[in-house]
Each structure stands twice: as structure tokens, then as C-alpha cells.
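**Student:** Structure in C-alpha cells, see below.
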Amino acid sequence: MLNTFTSTIAAVSTAKGKAGIAVIRVSGSNCFDIISQVFKPKSGKNISDYPASRAVYGDIYYEGEVIDSGLCTIFRAPHSYTGEDTAEISCHGNDLCTSLVLSSLFAAGAVCAGPGEFTRRAFVNGKLSLTQAEAVAELIDAESTAALRLSNAKVAGKFSEEIQKISKELTDILSSVYAFIDYPDEDLTDMSKEEMADKLSEIKIRLSDLCKSYASGRAVSAGIKTAIIGLPNSGKSSLLNLLVGHDRAIVTDIAGTTRDVITEKIKLGNITLILSDTAGLRETDDTVEKIGIEKTYSSIDEAELILAVIDSSIPQTDEEKQLLINVSSKKDKNIIIIVNKTDISDSSYNRDDFIFSLPVEKSAVIFISAKTGEGKENLISYIDSLYPTGDELLLSGLVITGARVYAAVKNAYESVCDSINALETLTQDVAGTDIERAVAFLTEADGRKVTEDIVNGIFSRFCVGK
Ligand SMILES: Nc1nc2c(ncn2[C@@H]2O[C@H](COP(=O)(O)OP(=O)(O)OP(=O)(O)O)[C@@H](O)[C@H]2O)c(=O)[nH]1
Ligand SMILES: [Mg+2]
């Protein structure tokens with residue numbers, strides 16, 4: 001891709017506030033001309049005369065006066081983060097100091113970098129794929145070691161490599177398909193129809209694994225939105241407190257204690273849950289409680305994981321049965337039925353055919369005591385099984401974390417499924433069109449062919465200086 005940037009940009013790349021050092025980054029074709037007006041090496045030489053990959057000690061000037069001294073690190077195109085001539089000035093971590101250094105750079109001809117503009121230049125100059133650029137944003141946002149591992153593997157390009165490998169394999173199959181179509185009587189291809197179908201099936205599995213990885217990717221990066229719901233007094237707030245590890249929500253034996261939604265982010269191993277404790281669902285005339293119950297329904301809609309809590313110490317009501325039937329039929333959500341208060345439970349619950357007749361997995365019925373903590377480990381291991389986040393998976397980098405990439409890979413997967421069907425039942429040119437479509441979706445997933453709007457959307461999530 002051609003470099004389309006004419007300006008030289010500058011920005012502070014470290015966070016605001018007092019610190020040992022701060023780093024100001026400059027990138028663009030006039031980088032060294034501009035830097036040489038602001039930074040004078042102690043050696044007396046001009047900074048432009050130094051070779052690449054050097055850190056040079058010197059004075060930093062503002063309106064002809066030395067305001068600080070520090071290091072200037074030099075990177076020359078194309079061997080820099082952005083692919084352009086780049087310099088990083090390390091000065092003392094003082095906001096006044098960094099703003100004066102920036103002012104000096106602007107006076108010398110640099111312009112202020114937009115959000116994510118260094119990474120955007122890296123992308124446009126072919127230093128990073130779009131998925132790698134997205135992973136840089138995820139790395140900066142990472143709040144856990146697991147998220148850090150995952151984004152690192154992606155920045156290193158492991159995900160892009162796999163997508164490009166699959167694209168290449170599909171393109172190879174495609175040329176065989178077209179050879180068949182164009183020269184049906186000649187033996188021009190390396191692949192028989194059976195071999196094509198086998199290869200496509202193998203690619204289908206790899207794409208399906210990537211699609212499945214999105215659940216794990218979300219669990220590690222953004223977190224899984226989880227709603228704790230149930231009738232009043234079933235022990236929802238007690239469960240929240242058990243999982244959070246302290247008394248976050250008020251617990252009383254008065255039905256209708258929780259009225260507003262209480263949200264807490266928690267970590268269960270590598271998994272992050274964004275837990276919402278909600279108002280108990282029941283008919284009520286109380287205005288405040290009614291609003292709370294409306295919010296409970298919104299939390300259910302937004303959640304991907306639902307913990308439906310039932311009180312096993314009292315007989316089950318029709319109201320509760322109806323609630324369980326309603327939530328457990330929600331196809332796009334993971335439902336776990338939490339049979340609570342096992343410490344004082346009516347033992348008939350253990351044999352309750354109704355609960356086990358619900359359309360959820362058998363292992364998704366978990367017996368627990370939010371009071372004593374009994375059953376907590378079972379709940380955690382079941383959640384672990386829904387969102388696998390083993391080290392091997394994270395370090396492989398073959399995990400989707402964003403909706404954009406997921407949609408593209410899912411579309412590619414569906415196109416490959418179509419091509420397999422077409423190969424069996426229709427003509428080869430239909431299969432060829434499907435494979436072409438799959439390749440186009442993969443190109444989009446990896447960001448080699450996306451619209452300006454998508455690129456803008458991605459880089460607007462970055463901070464200035466990155
Ligand atoms: N013995 C026992 N009591 C429990 C257990 N879980 C909750 N409770 C009690 O049940 C009552 C209601 O608990 P909460 O956690 O406030 O219930 P809730 O579902 O949040 O209730 P609302 O906010 O009113 O909808 C309290 O008295 C709790 O101490 C449990 O596992 N065992
Ligand atoms: Mg409550």
C-alpha cells in the first residue's frame with residue numbers, strides 16, 4: 001500500500017500526570033528536520049546525522065531555551081512502528097514539560113496526531129494488519145494477564161497468519177475448480193473433486209473453531225454480561241456477594257430488597273463476568289419496584305449468560321415455573337439454573353423432574369448454598385466449560401475478540417459450507433462463486449479490504465499518541 005501521509009505528526013505517547021519519564025513520539029517524512037530544531041545532542045552533532053536504532057542524549061529546546069534534557073531514540077523508515085521516519089523523545093514526566101516539547105515540535109512543523117494515528121499509519125504502510133492493529137487497542141485496554149496474553153499473540157500476527165493461510169488454501173482449491181470448469185476434458189488440476197471436498201471440510205472445521213473461540217475471546221477481553229434473576233428472596237444478592245467476595249448488595253429476608261440493578265465486574269480465573277444483580281420478578285403495585293422489574297427485563301435482554309436462582313427451601317410456585325420456562329427457552333443465551341439454599345433445602349428439589357425437563361443442559365442445573373458457599377466451585381467449573389480459556393488457546397492467538405472479525409469469519413464459514421453443498425449437488429461454478437465469497441470475507445476479516453468507515457471506527461477507539 002502506498003504511503004498517503006504527507007504530514008509529520010507528534011503526540012505524547014505516555015499517560016498524563018507526574019512520572020519518572022514521558023515519551024513524545026514524532027513520525028513522518030520531515031521527522032528528523034523537525035527534531036533537529038528541538039533536540040540538540042550533547043555531542044554537538046546534528047540528530048539527523050545519527051544512524052537508526054540509536055538513543056542519543058541531548059537538550060530539549062523551547063523558544064531557544066533549554067527546558068529539559070533527555071534521550072531521543074531514532075528509527076528510520078521502514079524499520080519503525082509506523083513504517084516512517086520516527087523519533088521518540090524521552091523527557092521528564094511532567095505535563096508542563098511535555099506540553100512545551102510538543103509546542104516546540106509544532107512550531108518546527110509537526111502537526112498534532114489524531115487518535116490512533118501512529119497505528120493507523122502502521123496499518124496503511126503495511127506494518128500491521130487491521131486485526132493486529134485492533135489487538136494493539138486490546139493490549140492497551142487489557143485488564144488481566146489472560147487478556148494481555150491473548151492480545152500479544154494477536155499483535156504478533158498469529159491470527160492474521162491463520163486467516164491468510166486459509167485464504168491461500170481456498171484460492172488453491174479455487175484454481176482447481178476453475179481448471180475443471182474451463183477445461184473439463186483435460187487433466188489440468190492437482191485435485192480431484194473428492195480432494196476438494198475433503199480440503200473444504202477441513203477448512204470448515206478450522207473456521208468453525210475460530211467462530212467458537214469468540215465466546216472465549218469475549219470472556220477474556222470485554223467480559224460476559226451476566227444477569228442474576230429470579231423471584232424475590234431466592235438469594236440473588238447473596239449469590240452476587242458470594243461471587244464478588246464481599247457484601248456488595250443488601251441482603252434481607254424482606255422480599256423486594258433489591259430494586260435497582262447492581263453491576264460488578266468479577267474475575268473467575270481467566271474469565272471476566274459483568275454481573276448484574278436484579279430486582280426479584282413478581283407482580284407489584286409499588287412504583288419503584290415496578291421500574292426495578294422493568295430494568296430486570298432489560299438486563300435479561302442484554303445478558304449473554306443468565307443465572308436463574310430458585311429457592312429450594314420452599315415449594316415451587318407456578319410463577320417460578322413459568323419464569324424458568326420463559327428464560328430457559330432463550331436460544332441465544334447460556335442459562336444456568338441455580339438451585340439455591342441447599343443448606344436448608346426441601347430435598348424433593350434434588351429429584352425435581354420439572355427442573356430437569358427444562359430445555360437446558362443437565363449440567364446447567366447447579367445446586368448451591370449462597371450462604372455457606374457450597375456448590376460455588378461447581379458453578380465456576382461449569383462457567384469455565386462454557387468459555388474455555390486455557391493457556392494453550394490464548395497463546396495460540398487463534399481467538400476472536402471483536403464483533404467485526406466474528407461476523408466476517410462467520411460469513412466465510414457459511415460460504416465454505418455452501419461451497420461444500422454446491423460441490424455435491426450443484427455445478428462446480430456455483431462452488432467456485434462460494435469459495436470466492438469465502439476468500440472475500442476472510443480478506444475483510446483480516447482488514448486487507450475494508451471500507452474507510454470501518455477503519456475510522458477502529459482507530460477512533462484509540463487514544464492520541466498510540
Ligand atoms: N439458609 C440460606 N439462606 C439464604 C441463602 N441464600 C440467601 N438466603 C437468605 O434468603 C434471604 C433473601 O436473600 P437475598 O440474597 O436478599 O435474596 P434476593 O433474591 O436478592 O431477594 P430480593 O432482592 O428481595 O429479590 C436472606 O435472608 C438471605 O440470608 C442460602 O443459600 N441459604
Ligand atoms: Mg436482592
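Lettering and numbering for the C-alpha cells are positional, with chains as A, B, ... in the shown order, residues counted from 1 in each chain, and ligands counted from 1 in the shown order.
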Please provide as a ChimeraX atom specification all residues within 7 Å of stretch 373-390 of chain A, with the sequence filter that same-chain residues fewer than 6 positions apart are discarded (counting only C-alpha atoms).

**Tutor:** /A:215-216,219,242,270,366-367

**Student:** Please dump the current selection as a PDB file, in the first residue's frame; keep N, CA and C atoms.

**Tutor:**
```pdb
ATOM      1  N   ALA A 215     -16.607 -16.853  21.946  1.00  0.00           N
ATOM      2  CA  ALA A 215     -17.136 -16.861  23.326  1.00  0.00           C
ATOM      3  C   ALA A 215     -15.972 -16.692  24.306  1.00  0.00           C
ATOM      4  N   SER A 216     -14.883 -17.437  24.071  1.00  0.00           N
ATOM      5  CA  SER A 216     -13.724 -17.339  24.960  1.00  0.00           C
ATOM      6  C   SER A 216     -13.096 -15.955  24.850  1.00  0.00           C
ATOM      7  N   ALA A 219     -14.994 -13.546  26.804  1.00  0.00           N
ATOM      8  CA  ALA A 219     -14.846 -13.802  28.239  1.00  0.00           C
ATOM      9  C   ALA A 219     -13.538 -13.224  28.755  1.00  0.00           C
ATOM     10  N   LEU A 242     -21.492 -13.682  47.129  1.00  0.00           N
ATOM     11  CA  LEU A 242     -20.612 -14.861  47.181  1.00  0.00           C
ATOM     12  C   LEU A 242     -19.576 -14.786  46.049  1.00  0.00           C
ATOM     13  N   ASN A 270      -9.455 -16.942  34.279  1.00  0.00           N
ATOM     14  CA  ASN A 270      -9.197 -16.077  33.122  1.00  0.00           C
ATOM     15  C   ASN A 270     -10.455 -15.364  32.621  1.00  0.00           C
ATOM     16  N   ILE A 366     -27.342 -26.246  38.775  1.00  0.00           N
ATOM     17  CA  ILE A 366     -26.286 -26.311  39.793  1.00  0.00           C
ATOM     18  C   ILE A 366     -26.896 -26.072  41.167  1.00  0.00           C
ATOM     19  N   PHE A 367     -26.585 -26.983  42.086  1.00  0.00           N
ATOM     20  CA  PHE A 367     -27.093 -26.854  43.456  1.00  0.00           C
ATOM     21  C   PHE A 367     -26.073 -26.076  44.270  1.00  0.00           C
TER      22      PHE A 367
END
```

**Student:** Which residues form the shell of 10 Å around ligand 1 when you count only C-alpha atoms and all ligand atoms, given as a ChimeraX atom specification?

**Tutor:** /A:228-242,249-261,277-282,289,293,309-313,339-345,367-375

**Student:** Step one, run DSSP on the backbone; step two, keep only residues of stretch 67-276 of chain A assigned to strand (DSSP E or B); then write them as a PyMOL selection string.

**Tutor:** chain A and resi 67-75+86-93+111-112+115+224-230+262-268+271-276

**Student:** As a ChimeraX atom specification, please: all residues of stretch 316-437 of chain A that backbone DSSP puts in helix (DSSP H, G or I).

**Tutor:** /A:318-328,342-344,347-351,353-357,362-364,376-386,391-396,403-425,428-437

**Student:** Give me, as a PyMOL selection string, all polymer residues having an atom no more than 7 Å from A:Gln428, counting only C-alpha atoms and skipping those fewer than 4 positions away in the same chain.

**Tutor:** chain A and resi 177+181+422-423+432

**Student:** Using only C-alpha atoms and all ligand atoms for the distances, tell me which of A:Ala133, A:Ile262, A:Met196, A:Leu268 is nearest to ligand 2.

**Tutor:**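 Selected residue with least distance to ligand 2: A:Ile262.
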
**Student:** With distances taken over only C-alpha atoms and all ligand atoms, which residue among A:Glu294, A:Asp247, A:Asp85, A:Asp286 lies nearest ligand 2?

**Tutor:**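 Checking each of A:Glu294, A:Asp247, A:Asp85, A:Asp286 against ligand 2, counting only C-alpha atoms and all ligand atoms, the winner is A:Asp247.
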
**Student:** Name the closest residue to A:His92 among the candidates A:Ser104, A:Ala110, A:Phe159, A:Thr14; distances are taken between atoms, counting only C-alpha atoms.

**Tutor:**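 Closest to A:His92, using only C-alpha atoms: A:Thr14.
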
**Student:** Could you give me, as a list of chain:residue names, the residues within 12 Å of A:Gly44, counting only C-alpha atoms and dropping anything in the same chain fewer than 4 positions from it?

**Tutor:**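 Using only C-alpha atoms, the neighbours found are A:Ser36, A:Phe39, A:Lys40, A:Ser48, A:Asp49, A:Tyr50, A:Val56, A:Tyr57, A:Gly58, A:Asp59.
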
**Student:** Between atom CA of A:Ser90 and atom CA of A:Ile60, what is the spacing in Å?

**Tutor:**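 Atom-to-atom, atom CA of A:Ile60 and atom CA of A:Ser90 are spaced 9.9 Å apart.
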
**Student:** Write out as a PyMOL selection string each polymer residue whose atoms come within 12 Å of A:Ile173, counting only C-alpha atoms; drop sequence neighbours fewer than 4 positions from it.

**Tutor:** chain A and resi 166-169+177-180+189-201+203+416+419-420+423+428+431-436+438-439

**Student:** Write a file of the just-selected residues containing N, CA and C atoms, as a short mmCIF file (atom, residue, chain, number, x, y, z; two decimals), in the first residue's frame.

**Tutor:**
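File produced: part32.cif:
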```cif
data_model
loop_
_atom_site.label_atom_id
_atom_site.label_comp_id
_atom_site.auth_asym_id
_atom_site.auth_seq_id
_atom_site.Cartn_x
_atom_site.Cartn_y
_atom_site.Cartn_z
N ILE A 166 -5.57 -19.86 5.46
CA ILE A 166 -6.84 -20.43 4.98
C ILE A 166 -7.20 -19.81 3.63
N SER A 167 -7.01 -18.48 3.48
CA SER A 167 -7.31 -17.81 2.20
C SER A 167 -6.51 -18.44 1.07
N LYS A 168 -5.23 -18.70 1.35
CA LYS A 168 -4.34 -19.25 0.33
C LYS A 168 -4.84 -20.65 -0.08
N GLU A 169 -5.19 -21.46 0.93
CA GLU A 169 -5.68 -22.81 0.63
C GLU A 169 -6.96 -22.76 -0.20
N VAL A 177 -10.91 -25.66 -9.18
CA VAL A 177 -12.32 -25.65 -9.59
C VAL A 177 -12.43 -25.01 -10.97
N TYR A 178 -11.75 -23.87 -11.18
CA TYR A 178 -11.86 -23.18 -12.46
C TYR A 178 -11.19 -23.96 -13.59
N ALA A 179 -10.12 -24.69 -13.25
CA ALA A 179 -9.48 -25.52 -14.28
C ALA A 179 -10.46 -26.60 -14.76
N PHE A 180 -11.19 -27.17 -13.82
CA PHE A 180 -12.21 -28.16 -14.16
C PHE A 180 -13.26 -27.57 -15.09
N THR A 189 -5.73 -30.34 -13.28
CA THR A 189 -5.68 -29.97 -11.86
C THR A 189 -4.95 -31.01 -11.04
N ASP A 190 -4.47 -30.53 -9.86
CA ASP A 190 -3.80 -31.44 -8.93
C ASP A 190 -4.83 -32.12 -8.03
N MET A 191 -6.07 -31.61 -8.06
CA MET A 191 -7.05 -32.06 -7.07
C MET A 191 -8.27 -32.70 -7.71
N SER A 192 -8.65 -33.86 -7.18
CA SER A 192 -9.92 -34.44 -7.64
C SER A 192 -11.05 -33.75 -6.90
N LYS A 193 -12.27 -33.99 -7.37
CA LYS A 193 -13.43 -33.39 -6.72
C LYS A 193 -13.51 -33.83 -5.24
N GLU A 194 -13.17 -35.09 -4.99
CA GLU A 194 -13.20 -35.61 -3.62
C GLU A 194 -12.17 -34.89 -2.75
N GLU A 195 -10.99 -34.68 -3.35
CA GLU A 195 -9.94 -33.98 -2.59
C GLU A 195 -10.37 -32.56 -2.25
N MET A 196 -11.02 -31.92 -3.23
CA MET A 196 -11.51 -30.56 -2.98
C MET A 196 -12.48 -30.57 -1.81
N ALA A 197 -13.42 -31.53 -1.86
CA ALA A 197 -14.43 -31.60 -0.80
C ALA A 197 -13.77 -31.86 0.55
N ASP A 198 -12.75 -32.76 0.57
CA ASP A 198 -12.05 -33.04 1.82
C ASP A 198 -11.37 -31.80 2.36
N LYS A 199 -10.69 -31.07 1.46
CA LYS A 199 -9.98 -29.87 1.91
C LYS A 199 -10.95 -28.82 2.43
N LEU A 200 -12.07 -28.68 1.71
CA LEU A 200 -13.06 -27.70 2.15
C LEU A 200 -13.63 -28.08 3.52
N SER A 201 -13.83 -29.38 3.74
CA SER A 201 -14.36 -29.82 5.04
C SER A 201 -13.38 -29.52 6.15
N ILE A 203 -11.17 -27.09 6.14
CA ILE A 203 -11.20 -25.63 6.33
C ILE A 203 -12.46 -25.22 7.11
N VAL A 416 -18.15 -21.35 2.96
CA VAL A 416 -17.47 -22.64 2.75
C VAL A 416 -18.49 -23.78 2.85
N SER A 419 -20.23 -23.92 -0.31
CA SER A 419 -19.42 -24.45 -1.42
C SER A 419 -19.36 -25.97 -1.35
N ILE A 420 -19.36 -26.52 -0.12
CA ILE A 420 -19.33 -27.99 0.02
C ILE A 420 -20.63 -28.58 -0.54
N LEU A 423 -20.69 -28.32 -4.33
CA LEU A 423 -19.81 -29.31 -4.96
C LEU A 423 -20.53 -30.66 -5.07
N GLN A 428 -19.96 -27.04 -10.52
CA GLN A 428 -18.74 -26.56 -9.91
C GLN A 428 -18.61 -25.03 -9.93
N ALA A 431 -19.91 -23.67 -6.75
CA ALA A 431 -18.93 -23.87 -5.68
C ALA A 431 -17.83 -22.83 -5.78
N GLY A 432 -17.41 -22.55 -7.01
CA GLY A 432 -16.36 -21.54 -7.22
C GLY A 432 -16.78 -20.18 -6.71
N THR A 433 -18.02 -19.79 -6.99
CA THR A 433 -18.51 -18.49 -6.52
C THR A 433 -18.53 -18.45 -4.99
N ASP A 434 -18.95 -19.56 -4.37
CA ASP A 434 -18.99 -19.61 -2.90
C ASP A 434 -17.59 -19.49 -2.32
N ILE A 435 -16.63 -20.17 -2.94
CA ILE A 435 -15.26 -20.10 -2.42
C ILE A 435 -14.73 -18.68 -2.57
N GLU A 436 -15.03 -18.06 -3.71
CA GLU A 436 -14.59 -16.67 -3.91
C GLU A 436 -15.15 -15.77 -2.82
N ALA A 438 -16.05 -16.69 0.19
CA ALA A 438 -15.36 -17.00 1.45
C ALA A 438 -14.04 -16.26 1.53
N VAL A 439 -13.29 -16.27 0.41
CA VAL A 439 -11.99 -15.58 0.40
C VAL A 439 -12.20 -14.08 0.65
#
```

**Student:** For atom CA of A:Val430 and atom CA of A:Leu174, quote the distance in Å rounded to one decimal.

**Tutor:** 11.1 Å
